[in-house]
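Student: Next comes the structure file model13.csv, holding CSV, C-alpha atoms.
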chain,number,residue,atom,x,y,z
G,29,MET,CA,39.6,24.3,19.5
G,30,THR,CA,42.6,23.7,21.7
G,31,LYS,CA,46.3,23.7,21.0
G,32,ALA,CA,47.7,20.2,21.5
G,33,VAL,CA,50.7,18.0,20.8
G,34,ILE,CA,49.5,15.2,18.4
G,35,VAL,CA,50.9,11.8,17.6
G,36,ARG,CA,49.8,10.7,14.1
G,37,GLN,CA,52.4,8.0,13.6
G,38,GLN,CA,54.7,6.1,15.9
G,39,GLY,CA,58.4,7.1,16.1
G,40,GLY,CA,60.9,9.4,17.7
G,41,PRO,CA,60.3,12.8,19.2
G,42,GLU,CA,60.1,14.3,15.7
G,43,VAL,CA,56.6,12.7,15.2
G,44,LEU,CA,55.1,15.1,17.9
G,45,SER,CA,53.2,17.9,16.1
G,46,TYR,CA,51.9,21.0,17.9
G,47,GLU,CA,48.7,22.1,16.2
G,48,ASP,CA,45.0,23.0,16.6
G,49,TRP,CA,42.8,20.1,17.8
G,50,PRO,CA,39.0,20.0,18.1
G,51,LEU,CA,37.6,20.4,21.6
G,52,ALA,CA,34.1,19.1,22.3
G,53,SER,CA,31.8,20.0,25.2
G,54,PRO,CA,32.0,17.7,28.2
G,55,GLY,CA,29.7,14.7,28.0
G,56,PRO,CA,28.1,12.8,30.9
G,57,GLY,CA,30.6,12.2,33.7
G,58,GLU,CA,33.2,14.5,32.1
G,59,VAL,CA,34.7,17.9,32.8
G,60,ALA,CA,36.3,20.6,30.7
G,61,LEU,CA,39.7,21.6,32.0
G,62,ARG,CA,41.9,24.6,31.2
G,63,GLN,CA,45.4,23.3,31.9
G,64,THR,CA,48.0,25.3,33.7
G,65,ALA,CA,50.9,22.7,33.9
G,66,ILE,CA,51.5,19.3,32.4
G,67,GLY,CA,53.9,16.6,33.6
G,68,LEU,CA,56.4,14.7,31.4
G,69,ASN,CA,56.8,11.0,32.0
G,70,PHE,CA,58.6,8.0,30.3
G,71,VAL,CA,55.2,6.5,29.6
G,72,ASP,CA,54.6,9.4,27.2
G,73,THR,CA,57.6,8.3,25.2
G,74,TYR,CA,56.5,4.6,25.3
G,75,GLN,CA,53.1,5.6,23.8
G,76,ARG,CA,54.7,7.9,21.2
G,77,SER,CA,57.1,5.1,20.1
G,78,GLY,CA,54.5,2.4,19.9
G,79,LEU,CA,55.9,0.3,22.8
G,80,TYR,CA,52.6,0.9,24.5
G,81,PRO,CA,50.0,1.0,21.7
G,82,VAL,CA,47.5,3.8,21.6
G,83,GLN,CA,45.0,4.3,18.8
G,84,LEU,CA,46.2,6.9,16.3
G,85,PRO,CA,46.0,9.8,16.2
G,86,PHE,CA,46.0,10.9,19.8
G,87,VAL,CA,46.9,13.8,22.0
G,88,ALA,CA,50.1,12.8,23.9
G,89,GLY,CA,50.6,13.0,27.7
G,90,ASN,CA,49.1,11.4,30.8
G,91,GLU,CA,49.4,13.9,33.7
G,92,GLY,CA,48.4,17.5,34.3
G,93,ALA,CA,46.8,20.2,36.5
G,94,GLY,CA,44.4,23.0,35.8
G,95,ILE,CA,41.0,24.6,36.5
G,96,ILE,CA,37.6,23.2,35.7
G,97,THR,CA,35.8,25.3,33.2
G,98,ALA,CA,32.6,23.3,32.6
G,99,LEU,CA,30.8,20.2,34.0
G,100,GLY,CA,29.1,17.4,32.0
G,101,GLU,CA,25.8,15.9,33.0
G,102,GLY,CA,25.8,13.9,36.3
G,103,VAL,CA,29.1,15.2,37.6
G,104,THR,CA,29.0,15.6,41.4
G,105,GLY,CA,31.6,16.6,44.0
G,106,LEU,CA,33.3,19.1,41.6
G,107,LYS,CA,32.5,22.6,40.5
G,108,VAL,CA,33.6,25.2,37.9
G,109,GLY,CA,36.7,26.9,39.2
G,110,ASP,CA,38.1,24.0,41.2
G,111,ARG,CA,41.8,23.4,40.9
G,112,VAL,CA,42.4,19.7,40.1
G,113,ALA,CA,45.1,17.4,38.9
G,114,TYR,CA,45.2,13.9,37.4
G,115,GLN,CA,47.4,11.1,36.1
G,116,GLY,CA,47.1,8.1,33.9
G,117,HIS,CA,44.7,9.8,31.5
G,118,VAL,CA,45.9,10.1,27.9
G,119,GLY,CA,45.5,13.5,26.3
G,120,ALA,CA,47.4,15.8,28.6
G,121,TYR,CA,49.5,17.7,26.1
G,122,ALA,CA,46.9,20.4,25.4
G,123,THR,CA,46.0,23.9,26.6
G,124,ASP,CA,42.4,22.7,27.2
G,125,ARG,CA,41.0,19.2,27.3
G,126,ILE,CA,38.0,17.1,28.2
G,127,ALA,CA,38.6,14.5,31.0
G,128,SER,CA,36.8,12.0,33.1
G,129,ALA,CA,35.5,13.6,36.3
G,130,ASP,CA,36.3,10.5,38.3
G,131,ARG,CA,40.0,10.9,37.5
G,132,MET,CA,40.2,14.4,38.8
G,133,VAL,CA,41.7,15.0,42.2
G,134,PRO,CA,41.2,18.3,44.0
G,135,VAL,CA,44.5,20.1,44.7
G,136,PRO,CA,44.8,21.4,48.3
G,137,ASP,CA,45.9,24.9,49.2
G,138,GLY,CA,49.7,25.0,49.6
G,139,ILE,CA,50.5,23.0,46.5
G,140,ASP,CA,50.8,25.0,43.3
G,141,ASP,CA,49.8,23.7,39.9
G,142,ARG,CA,53.3,23.0,38.7
G,143,VAL,CA,54.1,20.9,41.7
G,144,ALA,CA,50.7,19.1,41.3
G,145,ALA,CA,51.5,18.3,37.7
G,146,ALA,CA,55.0,17.2,38.5
G,147,ILE,CA,53.9,14.7,41.2
G,148,MET,CA,50.7,13.1,40.3
G,149,LEU,CA,51.9,10.2,38.1
G,150,LYS,CA,55.3,9.9,39.6
G,151,GLY,CA,54.2,10.5,43.2
G,152,LEU,CA,51.3,8.0,42.9
G,153,THR,CA,53.6,5.5,41.3
G,154,ALA,CA,55.9,5.9,44.4
G,155,TYR,CA,52.8,5.6,46.6
G,156,TYR,CA,51.6,2.2,45.3
G,157,LEU,CA,55.2,0.8,45.0
G,158,LEU,CA,56.0,1.7,48.6
G,159,PHE,CA,52.7,1.1,50.3
G,160,LYS,CA,50.9,-1.5,48.2
G,161,THR,CA,53.3,-3.5,46.0
G,162,TRP,CA,55.6,-4.0,49.0
G,163,ALA,CA,54.4,-2.4,52.3
G,164,LEU,CA,57.7,-0.9,53.2
G,165,ALA,CA,58.5,-1.2,56.9
G,166,LYS,CA,60.9,0.6,59.2
G,167,GLY,CA,64.3,-1.0,59.2
G,168,GLU,CA,64.1,-2.5,55.7
G,169,THR,CA,66.7,-1.8,53.0
G,170,ILE,CA,65.8,-1.0,49.4
G,171,LEU,CA,67.7,-0.3,46.2
G,172,TRP,CA,66.2,2.4,43.9
G,173,HIS,CA,67.5,2.7,40.4
G,174,ALA,CA,67.6,6.2,38.7
G,175,ALA,CA,67.3,7.8,42.1
G,176,ALA,CA,67.8,11.3,40.6
G,177,GLY,CA,64.9,11.0,38.3
G,178,GLY,CA,61.4,12.4,38.8
G,179,THR,CA,59.9,9.2,40.5
G,180,GLY,CA,63.2,8.4,42.2
G,181,LEU,CA,63.5,11.7,44.0
G,182,ILE,CA,60.0,11.5,45.3
G,183,ALA,CA,60.2,7.8,46.3
G,184,THR,CA,63.6,7.8,48.0
G,185,GLN,CA,62.5,10.7,50.3
G,186,TRP,CA,59.3,9.0,51.1
G,187,ALA,CA,61.0,5.7,51.8
G,188,ARG,CA,63.5,7.4,54.1
G,189,ALA,CA,60.6,9.1,55.9
G,190,LEU,CA,59.1,5.6,56.4
G,191,GLY,CA,62.2,4.5,58.2
G,192,ALA,CA,63.9,2.5,55.4
G,193,THR,CA,67.6,2.5,54.6
G,194,VAL,CA,67.7,3.8,51.0
G,195,ILE,CA,70.4,2.9,48.4
G,196,GLY,CA,70.2,4.6,45.1
G,197,THR,CA,71.9,4.5,41.7
G,198,ALA,CA,72.6,7.3,39.3
G,199,GLY,CA,74.6,7.9,36.2
G,200,SER,CA,76.8,10.9,36.9
G,201,ASP,CA,78.4,12.7,39.9
G,202,GLU,CA,75.9,15.5,39.6
G,203,LYS,CA,73.0,13.0,39.8
G,204,VAL,CA,74.7,11.2,42.7
G,205,ALA,CA,74.8,14.5,44.6
G,206,LEU,CA,71.2,15.3,43.9
G,207,ALA,CA,70.0,11.8,45.0
G,208,LYS,CA,72.0,12.1,48.2
G,209,ALA,CA,70.3,15.5,48.9
G,210,HIS,CA,66.9,13.9,48.5
G,211,GLY,CA,66.7,10.9,50.7
G,212,CYS,CA,69.3,8.3,49.8
G,213,HIS,CA,71.6,7.1,52.5
G,214,HIS,CA,74.0,5.8,49.9
G,215,VAL,CA,74.2,6.5,46.1
G,216,ILE,CA,76.2,4.4,43.6
G,217,ASN,CA,77.3,5.8,40.3
G,218,TYR,CA,76.6,2.8,38.0
G,219,ASN,CA,78.9,4.1,35.3
G,220,SER,CA,82.0,3.9,37.6
G,221,GLU,CA,81.1,1.2,40.0
G,222,ASP,CA,79.6,-2.3,39.9
G,223,PHE,CA,76.3,-1.6,41.7
G,224,ALA,CA,75.7,-5.3,42.6
G,225,VAL,CA,79.1,-5.6,44.3
G,226,ARG,CA,78.7,-2.3,46.1
G,227,VAL,CA,75.2,-3.2,47.4
G,228,ARG,CA,76.6,-6.4,48.9
G,229,GLU,CA,79.3,-4.3,50.6
G,230,LEU,CA,76.8,-1.8,51.9
G,231,THR,CA,74.5,-4.5,53.3
G,232,GLY,CA,77.3,-6.7,54.8
G,233,GLY,CA,76.6,-9.4,52.2
G,234,ARG,CA,72.9,-9.8,53.0
G,235,GLY,CA,71.4,-7.9,50.1
G,236,VAL,CA,68.4,-5.6,50.0
G,237,ASP,CA,64.8,-6.5,50.8
G,238,VAL,CA,63.4,-4.9,47.6
G,239,VAL,CA,64.8,-3.5,44.3
G,240,TYR,CA,62.7,-0.9,42.5
G,241,ASP,CA,63.8,-0.7,38.9
G,242,GLY,CA,62.3,1.7,36.3
G,243,VAL,CA,65.4,1.4,34.0
G,244,GLY,CA,64.7,-2.1,32.7
G,245,LYS,CA,66.8,-4.2,30.4
G,246,THR,CA,70.3,-3.0,31.3
G,247,THR,CA,69.9,-3.2,35.1
G,248,PHE,CA,67.4,-6.1,35.6
G,249,GLU,CA,69.6,-9.2,35.9
G,250,LYS,CA,72.3,-7.6,38.0
G,251,SER,CA,69.6,-6.2,40.2
G,252,LEU,CA,68.6,-9.8,41.1
G,253,ASP,CA,72.1,-10.2,42.6
G,254,CYS,CA,71.4,-7.3,45.0
G,255,LEU,CA,68.5,-9.1,46.7
G,256,ARG,CA,68.4,-11.2,49.8
G,257,PRO,CA,66.9,-14.6,49.6
G,258,ARG,CA,63.2,-14.4,48.9
G,259,GLY,CA,63.5,-10.7,48.2
G,260,LEU,CA,61.3,-8.8,45.7
G,261,MET,CA,62.3,-7.4,42.3
G,262,VAL,CA,59.9,-4.6,41.3
G,263,SER,CA,60.3,-3.9,37.6
G,264,PHE,CA,58.1,-0.9,36.9
G,265,GLY,CA,59.6,0.8,33.8
G,266,ASN,CA,61.5,0.2,30.6
G,267,ALA,CA,63.7,3.2,30.1
G,268,SER,CA,66.5,1.1,28.7
G,269,GLY,CA,64.3,-1.6,27.0
G,270,VAL,CA,61.8,-4.3,27.9
G,271,VAL,CA,62.8,-7.0,30.4
G,272,SER,CA,62.4,-10.7,29.5
G,273,ILE,CA,63.2,-13.8,31.6
G,274,PRO,CA,63.9,-16.6,29.2
G,275,ASP,CA,64.6,-19.1,32.1
G,276,ILE,CA,62.5,-18.6,35.2
G,277,THR,CA,64.7,-21.0,37.2
G,278,LEU,CA,67.1,-18.0,37.3
G,279,LEU,CA,65.0,-16.8,40.2
G,280,SER,CA,65.5,-20.0,42.2
G,281,ARG,CA,69.2,-20.0,41.6
G,282,LYS,CA,69.5,-16.4,42.9
G,283,GLY,CA,67.6,-17.0,46.1
G,284,SER,CA,64.0,-18.1,45.5
G,285,LEU,CA,63.3,-14.5,44.4
G,286,TYR,CA,60.0,-12.8,43.7
G,287,VAL,CA,59.4,-10.6,40.6
G,288,THR,CA,56.5,-8.3,39.8
G,289,ARG,CA,55.7,-5.9,37.0
G,290,PRO,CA,53.1,-3.5,38.5
G,291,THR,CA,51.1,-0.8,36.8
G,292,GLY,CA,49.0,2.0,38.2
G,293,THR,CA,45.8,0.8,36.5
G,294,HIS,CA,45.6,-2.1,38.9
G,295,TYR,CA,46.3,0.0,42.0
G,296,LEU,CA,44.5,3.2,41.3
G,297,GLY,CA,41.6,2.2,39.0
G,298,LYS,CA,39.0,2.8,41.7
G,299,ARG,CA,38.3,6.4,42.7
G,300,GLU,CA,38.6,5.6,46.4
G,301,ASP,CA,42.0,4.1,45.9
G,302,LEU,CA,43.1,7.1,43.8
G,303,LEU,CA,41.9,9.6,46.4
G,304,GLU,CA,43.5,7.6,49.2
G,305,GLY,CA,46.9,7.6,47.4
G,306,ALA,CA,46.6,11.3,46.4
G,307,GLY,CA,45.8,12.2,50.0
G,308,LYS,CA,48.9,10.5,51.3
G,309,LEU,CA,51.0,12.1,48.6
G,310,PHE,CA,49.8,15.6,49.2
G,311,GLU,CA,50.2,15.1,53.0
G,312,ALA,CA,53.8,14.1,52.5
G,313,VAL,CA,54.5,17.1,50.4
G,314,LEU,CA,52.8,19.5,52.7
G,315,ASP,CA,54.5,18.2,55.8
G,316,GLY,CA,57.9,18.4,54.1
G,317,ALA,CA,58.6,14.6,53.9
G,318,ILE,CA,58.8,15.1,50.1
G,319,LYS,CA,60.4,18.1,48.6
G,320,VAL,CA,59.6,18.3,44.9
G,321,GLU,CA,62.4,19.0,42.5
G,322,ILE,CA,61.3,20.5,39.2
G,323,GLY,CA,64.5,20.2,37.1
G,324,ARG,CA,63.3,21.8,33.9
G,325,THR,CA,60.3,23.4,32.3
G,326,PHE,CA,59.5,23.6,28.5
G,327,PRO,CA,56.8,25.4,26.6
G,328,LEU,CA,54.1,22.9,25.5
G,329,SER,CA,55.1,23.8,21.9
G,330,GLU,CA,58.6,22.3,22.6
G,331,ALA,CA,57.4,18.9,23.8
G,332,ALA,CA,59.6,17.2,21.2
G,333,ASP,CA,62.7,18.8,22.8
G,334,ALA,CA,61.5,17.7,26.2
G,335,HIS,CA,61.2,14.1,25.0
G,336,ARG,CA,64.7,14.3,23.6
G,337,ALA,CA,66.1,15.5,26.9
G,338,LEU,CA,64.2,12.9,28.9
G,339,GLU,CA,65.3,10.0,26.7
G,340,GLY,CA,68.8,11.4,26.5
G,341,ARG,CA,69.2,11.2,30.3
G,342,GLU,CA,69.6,15.0,30.3
G,343,THR,CA,67.0,15.7,33.0
G,344,THR,CA,66.9,15.4,36.8
G,345,GLY,CA,63.8,15.5,38.9
G,346,SER,CA,60.5,16.3,37.3
G,347,VAL,CA,60.0,18.0,34.0
G,348,VAL,CA,56.9,20.2,33.4
G,349,LEU,CA,55.4,21.5,30.2
G,350,ILE,CA,53.8,24.9,30.4
G,351,PRO,CA,50.7,25.5,28.0
Transcribe the structure of this file into structure tokens.
Tutor:
Amino acid sequence: MTKAVIVRQQGGPEVLSYEDWPLASPGPGEVALRQTAIGLNFVDTYQRSGLYPVQLPFVAGNEGAGIITALGEGVTGLKVGDRVAYQGHVGAYATDRIASADRMVPVPDGIDDRVAAAIMLKGLTAYYLLFKTWALAKGETILWHAAAGGTGLIATQWARALGATVIGTAGSDEKVALAKAHGCHHVINYNSEDFAVRVRELTGGRGVDVVYDGVGKTTFEKSLDCLRPRGLMVSFGNASGVVSIPDITLLSRKGSLYVTRPTGTHYLGKREDLLEGAGKLFEAVLDGAIKVEIGRTFPLSEAADAHRALEGRETTGSVVLIP
């Protein structure tokens, strides 16, 4: 048995139930993992609410770190006692779990388990957005919404290290200050300024090359006004609601723009791609290009409170659950 946070019906944070959950032995291609830290992400709330369907009941969560305690048949390249981390693998909110061995990434010395759990999903999201969705080049200018969030703090530091000019948005003076301290050249408080107008001012009327938007519905259309002609709108999250484009000619009217809705499954599905991205991420953390901000920790048993804080915009940086 393991202690786990279970979703038995879709709904708000109140549907999360901390209880005993059966734990099998690892099957072929699997490992048993004793978890030491678990990452909190918006995708966890989407799955809990039903926005992203998952077969009920299920153990919540998608990111964690821990120590391998047993190997299933056919597992190679890993051993009992290895420190590993993973992302994009439902079932993270548990003290112990069974997981696919090909999703496990060895954690290098110099990165502790809380940091590993805080950066795997968010950091690898930043990786594929900055290196694959749009290969960000020195001298380009980007706009990153929610720059003081977990993904934002990682990505804006990384983008700056790549030589980009980084404009961020945030929703309070405290978050503006945090984003400025973590990579942004300019930060706009979207609750007191029109961010589209301000972006045009900051870019001399040109607009940015790329907008990265994990907020969704409330920022999407105005973000199009921030782009230069033939710029790219990267919509990678739905924190304020799902985006829809009822009239696609909007893109031509605003500058023959491109729009994409990427997901990690299509960038990190192959193990070699996962290891390549994780290697670049760990390297950036170890060499100081990315300084990881863990804003809050919660006991695993208080996962519902962590969800409330995340959805209520009460968190900055990464949030980690401790089993």
Student: For G:Arg336, work out the shell of residues within 10 Å, counting all atoms listed in the file and skipping chain neighbours fewer than 3 positions away, then give it as a list of chain:residue names.
Tutor: G:Gly40, G:Pro41, G:Glu42, G:Thr73, G:Ala331, G:Ala332, G:Asp333, G:Glu339, G:Gly340, G:Arg341, G:Glu342, G:Thr343
Student: Using Å and a single decimal, report how far atom CA of G:Gly196 sits from atom CA of G:Thr169.
Tutor: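 Atom CA of G:Thr169 sits 10.8 Å away from atom CA of G:Gly196.
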Student: Please provide as a JSON list (two decimals) with C-alpha atoms, keeping the file's coordinate frame all residues within 8 Å of G:Gly199, with the sequence filter that same-chain residues fewer than 4 positions apart are discarded (counting only C-alpha atoms).
Tutor:
[["chain", "number", "residue", "atom", "x", "y", "z"],
["G", 174, "ALA", "CA", 67.60, 6.20, 38.70],
["G", 203, "LYS", "CA", 73.00, 13.00, 39.80],
["G", 204, "VAL", "CA", 74.70, 11.20, 42.70],
["G", 217, "ASN", "CA", 77.30, 5.80, 40.30],
["G", 218, "TYR", "CA", 76.60, 2.80, 38.00],
["G", 219, "ASN", "CA", 78.90, 4.10, 35.30]]
Student: Mind checking which residues fall within 12 Å of G:Arg142, counting all atoms listed in the file, ignoring those fewer than 3 positions away in the same chain, and posting them as an mmCIF file with C-alpha atoms, in the coordinates of the input?
Tutor:
data_model
loop_
_atom_site.group_PDB
_atom_site.id
_atom_site.type_symbol
_atom_site.label_atom_id
_atom_site.label_comp_id
_atom_site.auth_asym_id
_atom_site.auth_seq_id
_atom_site.Cartn_x
_atom_site.Cartn_y
_atom_site.Cartn_z
ATOM 1 C CA GLN G 63 45.400 23.300 31.900
ATOM 2 C CA THR G 64 48.000 25.300 33.700
ATOM 3 C CA ALA G 65 50.900 22.700 33.900
ATOM 4 C CA ILE G 66 51.500 19.300 32.400
ATOM 5 C CA GLY G 67 53.900 16.600 33.600
ATOM 6 C CA LEU G 68 56.400 14.700 31.400
ATOM 7 C CA GLU G 91 49.400 13.900 33.700
ATOM 8 C CA GLY G 92 48.400 17.500 34.300
ATOM 9 C CA ALA G 93 46.800 20.200 36.500
ATOM 10 C CA GLY G 94 44.400 23.000 35.800
ATOM 11 C CA ARG G 111 41.800 23.400 40.900
ATOM 12 C CA VAL G 112 42.400 19.700 40.100
ATOM 13 C CA ALA G 113 45.100 17.400 38.900
ATOM 14 C CA VAL G 135 44.500 20.100 44.700
ATOM 15 C CA GLY G 138 49.700 25.000 49.600
ATOM 16 C CA ILE G 139 50.500 23.000 46.500
ATOM 17 C CA ALA G 145 51.500 18.300 37.700
ATOM 18 C CA ALA G 146 55.000 17.200 38.500
ATOM 19 C CA ILE G 147 53.900 14.700 41.200
ATOM 20 C CA MET G 148 50.700 13.100 40.300
ATOM 21 C CA VAL G 320 59.600 18.300 44.900
ATOM 22 C CA GLU G 321 62.400 19.000 42.500
ATOM 23 C CA ILE G 322 61.300 20.500 39.200
ATOM 24 C CA GLY G 323 64.500 20.200 37.100
ATOM 25 C CA ARG G 324 63.300 21.800 33.900
ATOM 26 C CA THR G 325 60.300 23.400 32.300
ATOM 27 C CA PHE G 326 59.500 23.600 28.500
ATOM 28 C CA SER G 346 60.500 16.300 37.300
ATOM 29 C CA VAL G 347 60.000 18.000 34.000
ATOM 30 C CA VAL G 348 56.900 20.200 33.400
ATOM 31 C CA LEU G 349 55.400 21.500 30.200
ATOM 32 C CA ILE G 350 53.800 24.900 30.400
ATOM 33 C CA PRO G 351 50.700 25.500 28.000
#
Student: What separation in Å, quoted to one decimal, exists between atom CA of G:Ile126 and atom CA of G:Val82?
Tutor: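 A separation of 17.6 Å between them.
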Student: Would you kindly return, as a ChimeraX atom specification, each protein, DNA or RNA residue with an atom no farther than 10 Å from any atom of G:Ala198, considering all atoms listed in the file and excluding same-chain residues fewer than 6 positions away?
Tutor: /G:172-177,180,204-207,215-219,223
Student: Under the rule that all atoms listed in the file are counted, which of G:Val143, G:Leu152, G:Leu99, G:Ala122 is the nearest residue to G:Leu296?
Tutor: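 Checking each candidate against G:Leu296, we get G:Leu152 as the closest.
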Student: Counting all atoms listed in the file, write as a VMD selection string all protein and nucleic acid residues lying at most 8 Å from (59.1, -8.1, 47.9) in the file's frame.
Tutor: chain G and resid 161 to 162 237 to 238 258 to 262 286 to 287
Student: What does the structure give for the distance between atom CA of G:Thr293 and atom CA of G:Asn266, in Å to one decimal?
Tutor: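 That distance, rounded to one decimal, is 16.8 Å.
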Student: Hey, can you pull every residue with an atom no more than 10 Å from (70.0, -9.6, 35.7), using all atoms listed in the file, and send it as a compact mmCIF listing (two decimals) with C-alpha atoms, keeping the file's coordinate frame?
Tutor:
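Full text of point_17.txt as output:
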# COMPACT_ATOMS: atom_id res chain seq x y z
CA ALA G 224 75.70 -5.30 42.60
CA GLY G 244 64.70 -2.10 32.70
CA LYS G 245 66.80 -4.20 30.40
CA THR G 246 70.30 -3.00 31.30
CA THR G 247 69.90 -3.20 35.10
CA PHE G 248 67.40 -6.10 35.60
CA GLU G 249 69.60 -9.20 35.90
CA LYS G 250 72.30 -7.60 38.00
CA SER G 251 69.60 -6.20 40.20
CA LEU G 252 68.60 -9.80 41.10
CA ASP G 253 72.10 -10.20 42.60
CA CYS G 254 71.40 -7.30 45.00
CA VAL G 271 62.80 -7.00 30.40
CA SER G 272 62.40 -10.70 29.50
CA ILE G 273 63.20 -13.80 31.60
CA LEU G 278 67.10 -18.00 37.30
CA LEU G 279 65.00 -16.80 40.20
CA LYS G 282 69.50 -16.40 42.90
Student: Could you name the residues that touch G:Thr97 at 9 Å or less, counting all atoms listed in the file, but leaving out those on the same chain fewer than 6 positions away, as a list in words?
Tutor: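 Surrounding residues, per the criterion: Val59, Ala60, Leu61, Arg62, Lys107, Val108, Gly109 and Asp110 of chain G.
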Student: Please determine, counting all atoms listed in the file, which residue among G:Pro327, G:Gly100, G:Pro50, G:Gly297 has the shortest atom-to-atom distance to G:Arg131.
Tutor: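 Looking at the shortest contact to G:Arg131, the residue is G:Gly297.
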Student: Of the residues G:Gly242, G:Gly232, G:Gly305, G:Gly55, which is the one nearest to G:Phe264, using only C-alpha atoms?
Tutor: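 Checking each candidate against G:Phe264, we get G:Gly242 as the closest.
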Student: Point out the residue among G:Gly151, G:Gly39, G:Pro54, G:Gly102 with the least atom-to-atom distance to G:Phe310, counting only C-alpha atoms.
Tutor: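 Smallest separation from G:Phe310 among the options: G:Gly151.
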